[in-house]
>>> print(open('coords33.txt').read())   # compact mmCIF, C-alpha atoms
# COMPACT_ATOMS: atom_id res chain seq x y z
CA MET O 1 62.24 91.37 122.75
CA SER O 2 64.06 90.36 119.58
CA THR O 3 66.38 92.93 118.03
CA GLY O 4 67.21 90.85 114.97
CA SER O 5 70.90 90.59 115.83
CA ILE O 6 73.39 88.12 117.25
CA THR O 7 73.09 89.70 120.70
CA ASP O 8 69.58 88.22 120.94
CA VAL O 9 71.47 85.10 122.06
CA ALA O 10 71.65 85.46 125.85
CA GLY O 11 75.16 86.17 127.10
CA ILE O 12 76.66 87.15 123.73
CA SER O 13 78.24 90.61 123.55
CA VAL O 14 79.75 92.37 120.53
CA GLY O 15 82.18 95.25 120.34
CA HIS O 16 83.64 96.98 117.28
CA TYR O 17 86.95 98.73 116.83
CA THR O 18 86.90 100.94 113.72
CA ASP O 19 89.91 102.73 112.25
CA THR O 20 89.01 105.09 109.41
CA ARG O 21 92.61 105.98 108.54
CA ARG O 22 92.92 103.20 105.92
CA PRO O 23 90.08 102.05 106.67
CA THR O 24 90.00 98.81 108.71
CA GLY O 25 88.86 97.40 112.04
CA CYS O 26 87.77 94.37 114.03
CA PRO O 27 84.73 93.15 115.95
CA VAL O 28 85.01 90.85 118.96
CA ILE O 29 82.26 88.48 120.02
CA LEU O 30 82.46 87.75 123.75
CA ALA O 31 80.92 84.49 124.93
CA PRO O 32 79.70 83.48 128.40
CA GLU O 33 81.49 80.87 130.48
CA GLY O 34 81.02 77.33 129.19
CA THR O 35 80.36 78.26 125.56
CA VAL O 36 81.27 75.44 123.17
CA GLY O 37 83.02 76.48 119.95
CA GLY O 38 83.24 75.06 116.44
CA VAL O 39 84.51 76.22 113.06
CA ASP O 40 84.36 75.38 109.37
CA VAL O 41 86.77 76.86 106.81
CA ARG O 42 85.70 76.72 103.16
CA GLY O 43 87.67 79.37 101.29
CA ALA O 44 90.97 78.45 99.64
CA SER O 45 92.88 81.42 101.11
CA PRO O 46 92.15 81.29 104.86
CA GLY O 47 94.01 83.09 107.60
CA THR O 48 93.10 81.89 111.07
CA ARG O 49 94.20 81.44 114.68
CA GLU O 50 93.25 78.62 117.09
CA THR O 51 91.00 76.88 114.53
CA ASP O 52 92.84 73.56 114.99
CA LEU O 53 91.89 73.75 118.65
CA LEU O 54 88.21 73.70 117.65
CA SER O 55 88.46 70.30 115.96
CA PRO O 56 86.33 67.69 117.76
CA LEU O 57 89.48 65.54 117.87
CA ASN O 58 91.24 68.02 120.15
CA THR O 59 90.91 68.59 123.86
CA VAL O 60 89.59 72.07 124.69
CA GLU O 61 85.84 72.48 124.11
CA THR O 62 85.03 75.95 125.36
CA VAL O 63 85.96 79.33 123.94
CA HIS O 64 85.80 82.80 125.49
CA ALA O 65 85.71 85.10 122.46
CA VAL O 66 85.98 85.15 118.66
CA LEU O 67 87.79 87.89 116.75
CA LEU O 68 87.14 88.87 113.12
CA ALA O 69 89.91 91.15 111.90
CA GLY O 70 90.71 93.31 108.93
CA GLY O 71 94.32 93.98 108.02
CA SER O 72 95.16 90.63 106.44
CA ALA O 73 97.55 88.48 108.52
CA PHE O 74 98.69 91.56 110.44
CA GLY O 75 95.20 91.81 111.94
CA LEU O 76 95.67 88.65 113.96
CA ASP O 77 97.74 90.84 116.33
CA ALA O 78 94.41 92.05 117.69
CA ALA O 79 93.72 88.68 119.30
CA GLY O 80 96.48 89.38 121.82
CA GLY O 81 94.57 92.42 123.04
CA VAL O 82 91.40 90.35 123.43
CA MET O 83 93.35 87.80 125.46
CA ARG O 84 94.80 90.50 127.69
CA TRP O 85 91.36 92.03 128.32
CA LEU O 86 89.91 88.64 129.26
CA ALA O 87 92.91 87.63 131.37
CA GLU O 88 92.66 90.85 133.39
CA ARG O 89 89.16 89.69 134.33
CA GLN O 90 90.29 86.12 135.09
CA VAL O 91 88.31 84.76 132.15
CA GLY O 92 89.97 81.79 130.51
CA LEU O 93 90.99 78.17 130.74
CA ALA O 94 92.54 77.27 134.08
CA VAL O 95 95.93 75.66 133.44
CA GLY O 96 97.72 75.27 136.74
CA ARG O 97 98.07 78.77 138.16
CA ALA O 98 97.51 80.35 134.74
CA CYS O 99 94.27 81.58 133.20
CA VAL O 100 94.49 81.27 129.41
CA PRO O 101 91.68 82.83 127.34
CA ILE O 102 90.73 80.83 124.24
CA VAL O 103 90.25 83.31 121.38
CA PRO O 104 89.88 81.82 117.89
CA ALA O 105 90.28 84.43 115.16
CA ALA O 106 90.29 84.93 111.40
CA PHE O 107 91.23 87.81 109.14
CA LEU O 108 90.06 89.28 105.87
CA PHE O 109 92.08 91.22 103.32
CA ASP O 110 91.46 94.98 103.15
CA LEU O 111 94.97 96.25 102.28
CA TYR O 112 93.79 98.03 99.14
CA GLY O 113 95.47 101.37 99.70
CA GLY O 114 96.11 104.20 102.09
CA ASP O 115 98.60 103.79 104.92
CA LEU O 116 99.49 100.11 104.76
CA SER O 117 101.14 100.29 108.18
CA VAL O 118 97.66 100.66 109.74
CA TRP O 119 95.97 97.43 110.79
CA PRO O 120 94.13 96.14 113.89
CA ASP O 121 96.70 95.48 116.61
CA ALA O 122 96.52 94.37 120.23
CA ALA O 123 95.28 97.81 121.29
CA ALA O 124 92.48 97.51 118.73
CA GLY O 125 91.42 94.12 120.08
CA TYR O 126 91.44 95.48 123.62
CA ALA O 127 89.37 98.50 122.55
CA ALA O 128 86.82 96.24 120.83
CA CYS O 129 86.38 94.35 124.12
CA GLU O 130 85.96 97.63 126.01
CA ALA O 131 83.22 98.60 123.54
CA ALA O 132 81.39 95.26 123.78
CA SER O 133 77.78 95.30 124.89
CA ARG O 134 74.54 93.36 124.65
CA THR O 135 72.95 96.03 122.47
CA PRO O 136 72.50 95.30 118.74
CA PRO O 137 75.89 95.79 117.08
CA ALA O 138 76.39 98.52 114.49
CA GLU O 139 76.29 97.37 110.88
CA GLY O 140 77.82 98.50 107.60
CA ASN O 141 81.11 100.43 107.63
CA VAL O 142 82.30 99.32 111.07
CA GLY O 143 84.80 96.84 112.45
CA ALA O 144 86.15 94.44 109.85
CA GLY O 145 83.51 95.75 107.47
CA THR O 146 85.03 99.24 107.37
CA GLY O 147 87.20 98.52 104.35
CA ALA O 148 85.31 95.50 103.02
CA LEU O 149 84.39 95.31 99.33
CA VAL O 150 82.37 92.91 97.16
CA GLY O 151 82.29 92.09 93.46
CA LYS O 152 86.03 91.99 92.73
CA LEU O 153 86.36 89.35 90.02
CA PHE O 154 86.66 91.87 87.19
CA GLY O 155 89.02 94.20 89.01
CA LEU O 156 88.93 96.30 92.12
CA HIS O 157 87.88 99.40 90.15
CA ARG O 158 84.52 97.74 89.46
CA ALA O 159 83.85 96.59 93.06
CA MET O 160 81.25 97.90 95.53
CA LYS O 161 81.15 98.39 99.29
CA GLY O 162 80.73 95.43 101.63
CA GLY O 163 80.33 95.61 105.39
CA ILE O 164 79.18 94.05 108.65
CA GLY O 165 75.70 92.62 109.14
CA SER O 166 73.79 90.70 111.80
CA ALA O 167 70.52 88.80 112.07
CA SER O 168 68.69 86.39 114.38
CA VAL O 169 65.70 84.08 114.68
CA CYS O 170 64.00 82.37 117.62
CA VAL O 171 62.09 79.10 117.07
CA ASN O 172 60.62 76.86 119.76
CA GLY O 173 62.57 78.54 122.52
CA VAL O 174 65.97 78.38 120.78
CA THR O 175 67.68 81.50 119.43
CA VAL O 176 70.19 81.52 116.58
CA GLY O 177 72.07 84.67 115.59
CA ALA O 178 74.71 85.58 113.01
CA LEU O 179 77.34 88.26 112.57
CA VAL O 180 79.19 88.47 109.25
CA ALA O 181 81.89 90.61 107.64
CA VAL O 182 81.26 90.54 103.88
CA ASN O 183 84.38 91.11 101.78
CA ALA O 184 83.76 88.76 98.88
CA VAL O 185 85.11 88.18 95.40
CA GLY O 186 81.52 87.43 94.37
CA ASP O 187 78.28 89.39 94.14
CA VAL O 188 75.65 89.60 96.87
CA MET O 189 72.11 88.60 95.98
CA ASP O 190 68.77 88.31 97.72
CA PRO O 191 68.13 84.54 97.86
CA ARG O 192 64.39 85.08 98.10
CA THR O 193 64.18 86.92 94.77
CA GLY O 194 67.48 86.18 93.04
CA ALA O 195 67.99 89.93 92.56
CA LEU O 196 71.54 91.27 92.65
CA VAL O 197 72.06 93.70 95.52
CA ALA O 198 75.75 94.58 95.25
CA GLY O 199 78.75 93.32 93.33
CA ALA O 200 80.83 93.78 90.21
CA ARG O 201 79.75 96.76 88.11
CA SER O 202 79.67 97.16 84.36
CA THR O 203 82.69 98.71 82.63
CA ASP O 204 81.06 102.15 82.79
CA GLY O 205 80.30 101.62 86.50
CA ARG O 206 76.63 102.43 86.14
CA SER O 207 74.98 99.05 86.54
CA LEU O 208 75.49 95.67 88.15
CA HIS O 209 77.27 93.32 85.81
CA GLY O 210 76.39 89.91 87.25
CA THR O 211 79.57 87.99 87.94
CA ALA O 212 78.14 84.49 87.54
CA GLN O 213 76.33 85.35 84.31
CA ALA O 214 79.41 87.06 82.90
CA SER O 215 81.52 84.02 83.73
CA LEU O 216 79.04 81.78 81.91
CA ARG O 217 79.41 84.07 78.87
CA GLY O 218 83.14 83.41 78.95
CA GLU O 219 84.32 86.78 80.28
CA ARG O 220 87.76 86.59 81.81
CA PRO O 221 88.51 87.76 85.36
CA GLY O 222 90.29 91.04 85.88
CA PRO O 223 93.44 91.60 87.94
CA LEU O 224 92.94 90.14 91.42
CA GLU O 225 95.62 89.27 93.92
CA PRO O 226 95.48 85.87 95.66
CA ALA O 227 93.78 85.98 99.08
CA ALA O 228 92.41 89.47 98.33
CA ALA O 229 88.94 88.86 99.75
CA THR O 230 87.22 86.66 102.43
CA THR O 231 83.86 86.61 104.21
CA LEU O 232 83.98 85.86 107.94
CA GLY O 233 81.00 84.85 110.04
CA VAL O 234 79.94 83.79 113.52
CA ILE O 235 76.84 81.76 114.33
CA ALA O 236 75.75 81.87 117.97
CA THR O 237 72.97 79.90 119.62
CA ASP O 238 71.67 79.23 123.10
CA ALA O 239 71.22 75.56 122.20
CA ARG O 240 73.22 72.93 124.07
CA LEU O 241 75.69 71.33 121.64
CA THR O 242 78.73 69.12 121.66
CA LYS O 243 81.90 70.35 120.00
CA ALA O 244 81.28 68.08 117.01
CA ALA O 245 77.74 69.42 116.65
CA ALA O 246 79.05 73.01 116.85
CA CYS O 247 81.43 72.27 113.97
CA ARG O 248 78.55 70.78 111.97
CA LEU O 249 76.48 73.89 112.70
CA ALA O 250 79.28 76.10 111.34
CA GLN O 251 79.44 73.87 108.26
CA MET O 252 75.71 74.17 107.61
CA ALA O 253 75.82 77.94 108.14
CA HIS O 254 78.07 78.19 105.08
CA ASP O 255 74.94 77.38 103.05
CA GLY O 256 73.72 80.87 103.95
CA LEU O 257 76.85 82.31 102.34
CA ALA O 258 76.30 80.17 99.25
CA ARG O 259 72.71 81.42 98.91
CA SER O 260 73.62 85.08 99.17
CA ILE O 261 77.12 85.31 97.62
CA ASN O 262 77.98 84.11 94.10
CA PRO O 263 80.67 82.92 93.53
CA VAL O 264 81.67 81.98 97.07
CA HIS O 265 84.50 79.93 98.65
CA THR O 266 86.81 80.93 95.80
CA VAL O 267 90.58 80.64 95.49
CA SER O 268 90.88 84.27 96.63
CA ASP O 269 88.46 83.96 99.57
CA GLY O 270 89.29 82.53 102.98
CA ASP O 271 85.63 82.11 103.96
CA THR O 272 85.41 80.98 107.58
CA VAL O 273 82.42 80.49 109.89
CA PHE O 274 82.69 80.00 113.66
CA ALA O 275 79.90 78.57 115.81
CA LEU O 276 79.25 79.36 119.48
CA ALA O 277 76.79 77.34 121.57
CA THR O 278 76.12 78.80 125.01
CA GLY O 279 73.65 76.10 126.12
CA SER O 280 71.68 78.63 128.16
CA SER O 281 68.30 77.52 126.75
CA GLY O 282 68.90 74.01 128.07
CA ARG O 283 67.54 72.66 124.78
CA THR O 284 69.17 70.43 122.20
CA PRO O 285 67.11 70.75 119.02
CA HIS O 286 67.51 68.50 116.01
CA LEU O 287 70.77 69.56 114.38
CA THR O 288 69.23 69.59 110.91
CA VAL O 289 66.65 72.13 112.09
CA LEU O 290 69.28 74.18 113.90
CA GLY O 291 71.52 74.18 110.82
CA THR O 292 68.59 75.30 108.67
CA LEU O 293 68.08 78.27 110.99
CA ALA O 294 71.81 79.04 110.96
CA ALA O 295 71.94 79.14 107.16
CA GLU O 296 68.89 81.39 107.07
CA VAL O 297 70.21 83.97 109.54
CA MET O 298 73.62 83.93 107.85
CA ALA O 299 72.03 84.79 104.50
CA GLN O 300 70.00 87.56 106.15
CA ALA O 301 73.11 88.95 107.82
CA VAL O 302 74.96 89.09 104.47
CA LEU O 303 72.13 91.12 102.94
CA ARG O 304 72.02 93.45 105.92
CA ALA O 305 75.77 93.97 105.66
CA VAL O 306 75.68 95.37 102.13
CA ARG O 307 72.42 97.26 102.63
CA ALA O 308 73.81 98.98 105.73
CA ALA O 309 77.11 99.83 104.03
CA ARG O 310 77.80 103.32 102.70
CA THR O 311 79.89 104.55 99.77
CA ILE O 312 83.57 105.25 100.43
CA THR O 313 86.40 106.89 98.50
CA ASP O 314 89.86 105.47 99.15
CA ALA O 315 93.20 107.27 99.35
CA GLN O 316 93.71 106.75 95.60
CA GLY O 317 90.44 108.51 94.83
CA ARG O 318 88.60 105.31 93.85
CA VAL O 319 84.89 105.40 94.66
CA PHE O 320 83.24 102.22 95.88
CA PRO O 321 79.47 102.78 95.79
CA SER O 322 77.12 101.04 98.20
CA ALA O 323 73.86 99.27 97.55
CA HIS O 324 72.19 102.12 99.44
CA ASP O 325 73.38 104.73 96.95
CA PHE O 326 73.58 102.65 93.79
CA PRO O 327 70.46 103.11 91.64
CA SER O 328 70.73 99.74 89.91
CA SER O 329 70.69 97.73 93.15
CA SER O 330 67.55 96.39 94.77
>>> encode(input="coords33.txt", output="C-alpha cells")
Amino acid sequence: MSTGSITDVAGISVGHYTDTRRPTGCPVILAPEGTVGGVDVRGASPGTRETDLLSPLNTVETVHAVLLAGGSAFGLDAAGGVMRWLAERQVGLAVGRACVPIVPAAFLFDLYGGDLSVWPDAAAGYAACEAASRTPPAEGNVGAGTGALVGKLFGLHRAMKGGIGSASVCVNGVTVGALVAVNAVGDVMDPRTGALVAGARSTDGRSLHGTAQASLRGERPGPLEPAAATTLGVIATDARLTKAAACRLAQMAHDGLARSINPVHTVSDGDTVFALATGSSGRTPHLTVLGTLAAEVMAQAVLRAVRAARTITDAQGRVFPSAHDFPSSS
C-alpha cells in the first residue's frame, strides 16, 4: 500500500535526528546493497561531500546512504557518524580488508541564531541511522527542516517556516519517491494553481508579498548573507539505472524545485538533488518518463514540507509563521 513517501521505494529507510536547541538536525536515507547513486548541483552556494564520486566519469557506482544536514559546513560532521553506523554492520565498499561506506552528503544553512556551537555532529548522524525505518518519515519541523526558512530575499525578518517533505508515485510497476529539506531564498507555490503557499511577507508581516512579482517591480533585496539558504532533495526509485542515468534523473528532478520554488538556484542557495536507484523492480523505464515522475514528486514534496511545518520563535524572539498558521497562505 502506498504511503505517499520516499519509503514506498522498497529497501529505502529514513531516520531523522532533530535538535531543538538552536534548532537544527539531519535526516539520513539508507539504501539497500547495490543502489546506484547520482547527483546534480544547481545552486551557486553548495556545500557537499562525495559528490565528485557520483560523476559517471568516476569509478564507484553504488552508495550506501545519503545525508542531508543542517548546521552549514559544520553539519557535514554528521556523515562520519553515518559511516561508523554502517561500518559496524559491515555495510560498505570492500577495499582489501576494509569496508568503506559511501555516504554522499550536503548541508543547508540554518545558523540564524541561538547557540551557534550546536550543529549536527557524528553522534547526530549515528542517531539518525538508529532511528531509520521503513515507515513514512516525519515531515515539517524535523531533521534538516527543523530550522529551515523560506522567503528570505527581503530580509530574514520577513521569512516564513520551511521544513521537510516527502512524496511518491507508482506508475507501471515503478515507484519514484522524494524527500526534500526546503530552506529557500524564494517563495513556495502550488504549481497546479500558481498560488503562493509560503514565502516573503509584506513589510507589516500580514500577507505574502510575492518575491518574483516584487522583483519585477524593481524592489531591491534586503540584507541576506551569501550561502544563507539551500534546498536539498533525494529522489529514490526502484528502477534499474546506470550511474549516468541516475545523474540525469537528479538533474530532471530539479524541475520540480523550479515549479514549486521561485526564485530557485540562486546565488545564496546551494540547491542539490541526489538520486538513488535500487533496481529492485527489475525495470528500466524510459528516462524521460522517469524524470517526469521525479520532477512531479519533488514538487509535491516541497509543498508538503511547508504545509507540514509549524511556526517557530527563535532565540532572538523573531517569529517565523508557517503556512499552516498564516491566514494569507493557501
>>> residues_around(input="coords33.txt", residues="Asp121 of chain O", least_positions_apart="6", cutoff="7 Å", atoms="only C-alpha atoms", output="ChimeraX atom specification")
/O:75,77-78
>>> closest_residue(input="coords33.txt", among="O:Phe320, O:Tyr17, O:Phe74, O:Tyr126", to="Arg201 of chain O", atoms="only C-alpha atoms")
O:Phe320
>>> closest_residue(input="coords33.txt", among="O:Ala301, O:Ala159, O:Leu232, O:Val60", to="Val264 of chain O", atoms="all atoms listed in the file")
O:Leu232
>>> closest_residue(input="coords33.txt", among="O:Thr48, O:His157, O:Thr62, O:His16", to="Asp204 of chain O", atoms="all atoms listed in the file")
O:His157
>>> closest_residue(input="coords33.txt", among="O:Asn262, O:Asn172, O:Ser5, O:Ser166", to="Ala214 of chain O", atoms="only C-alpha atoms")
O:Asn262
>>> atom_distance(input="coords33.txt", atom1="atom CA of Lys152 of chain O", atom2="atom CA of Val185 of chain O")
4.7 Å
>>> closest_residue(input="coords33.txt", among="O:Ser202, O:Asn58, O:Ser280, O:Thr18", to="Val118 of chain O", atoms="all atoms listed in the file")
O:Thr18
>>> atom_distance(input="coords33.txt", atom1="atom CA of Val150 of chain O", atom2="atom CA of Val82 of chain O")
27.9 Å
>>> residues_near_point(input="coords33.txt", point="(86.4, 81.9, 103.7)", cutoff="9 Å", atoms="all atoms listed in the file", output="PDB file with C-alpha atoms, in the frame of the given file")
ATOM      1  CA  ASP O  40      84.360  75.380 109.370  1.00  0.00           C
ATOM      2  CA  VAL O  41      86.770  76.860 106.810  1.00  0.00           C
ATOM      3  CA  ARG O  42      85.700  76.720 103.160  1.00  0.00           C
ATOM      4  CA  GLY O  43      87.670  79.370 101.290  1.00  0.00           C
ATOM      5  CA  ALA O  44      90.970  78.450  99.640  1.00  0.00           C
ATOM      6  CA  SER O  45      92.880  81.420 101.110  1.00  0.00           C
ATOM      7  CA  PRO O  46      92.150  81.290 104.860  1.00  0.00           C
ATOM      8  CA  GLY O  47      94.010  83.090 107.600  1.00  0.00           C
ATOM      9  CA  LEU O 108      90.060  89.280 105.870  1.00  0.00           C
ATOM     10  CA  ALA O 184      83.760  88.760  98.880  1.00  0.00           C
ATOM     11  CA  ALA O 229      88.940  88.860  99.750  1.00  0.00           C
ATOM     12  CA  THR O 230      87.220  86.660 102.430  1.00  0.00           C
ATOM     13  CA  THR O 231      83.860  86.610 104.210  1.00  0.00           C
ATOM     14  CA  LEU O 232      83.980  85.860 107.940  1.00  0.00           C
ATOM     15  CA  GLY O 233      81.000  84.850 110.040  1.00  0.00           C
ATOM     16  CA  VAL O 264      81.670  81.980  97.070  1.00  0.00           C
ATOM     17  CA  HIS O 265      84.500  79.930  98.650  1.00  0.00           C
ATOM     18  CA  THR O 266      86.810  80.930  95.800  1.00  0.00           C
ATOM     19  CA  SER O 268      90.880  84.270  96.630  1.00  0.00           C
ATOM     20  CA  ASP O 269      88.460  83.960  99.570  1.00  0.00           C
ATOM     21  CA  GLY O 270      89.290  82.530 102.980  1.00  0.00           C
ATOM     22  CA  ASP O 271      85.630  82.110 103.960  1.00  0.00           C
ATOM     23  CA  THR O 272      85.410  80.980 107.580  1.00  0.00           C
ATOM     24  CA  VAL O 273      82.420  80.490 109.890  1.00  0.00           C
TER      25      VAL O 273
END
>>> residues_around(input="coords33.txt", residues="Pro101 of chain O", least_positions_apart="5", cutoff="6 Å", atoms="only C-alpha atoms", output="list in words")
Met83, Gly92 and Leu93 of chain O
>>> closest_residue(input="coords33.txt", among="O:Ser55, O:Thr211, O:Thr20, O:Ser72", to="Ile312 of chain O", atoms="all atoms listed in the file")
O:Thr20
>>> atom_distance(input="coords33.txt", atom1="atom CA of Pro223 of chain O", atom2="atom CA of Met298 of chain O")
29.1 Å
>>> residues_around(input="coords33.txt", residues="Thr284 of chain O", least_positions_apart="4", cutoff="10 Å", atoms="all atoms listed in the file", output="ChimeraX atom specification")
/O:174,238-242,279,290
>>> axis_aligned_box(input="coords33.txt", around="segment 203-213 of chain O", padding_each_side="3 Å", output="AutoDock Vina command-line options")
--center_x 78.8 --center_y 93.5 --center_z 85.4 --size_x 13.7 --size_y 23.9 --size_z 11.5
>>> residues_near_point(input="coords33.txt", point="(89.9, 107.3, 97.7)", cutoff="12 Å", atoms="all atoms listed in the file", output="VMD selection string")
chain O and resid 20 to 23 112 to 115 147 157 311 to 321
>>> residues_around(input="coords33.txt", residues="Gly34 of chain O", least_positions_apart="2", cutoff="10 Å", atoms="only C-alpha atoms", output="list of chain:residue names")
O:Ala31, O:Pro32, O:Val36, O:Gly37, O:Glu61, O:Thr62, O:Val63, O:His64, O:Ala277, O:Thr278, O:Gly279, O:Ser280
>>> residues_around(input="coords33.txt", residues="Thr175 of chain O", least_positions_apart="6", cutoff="6 Å", atoms="all atoms listed in the file", output="list of chain:residue names")
O:Val9, O:Val169, O:Thr237, O:Asp238
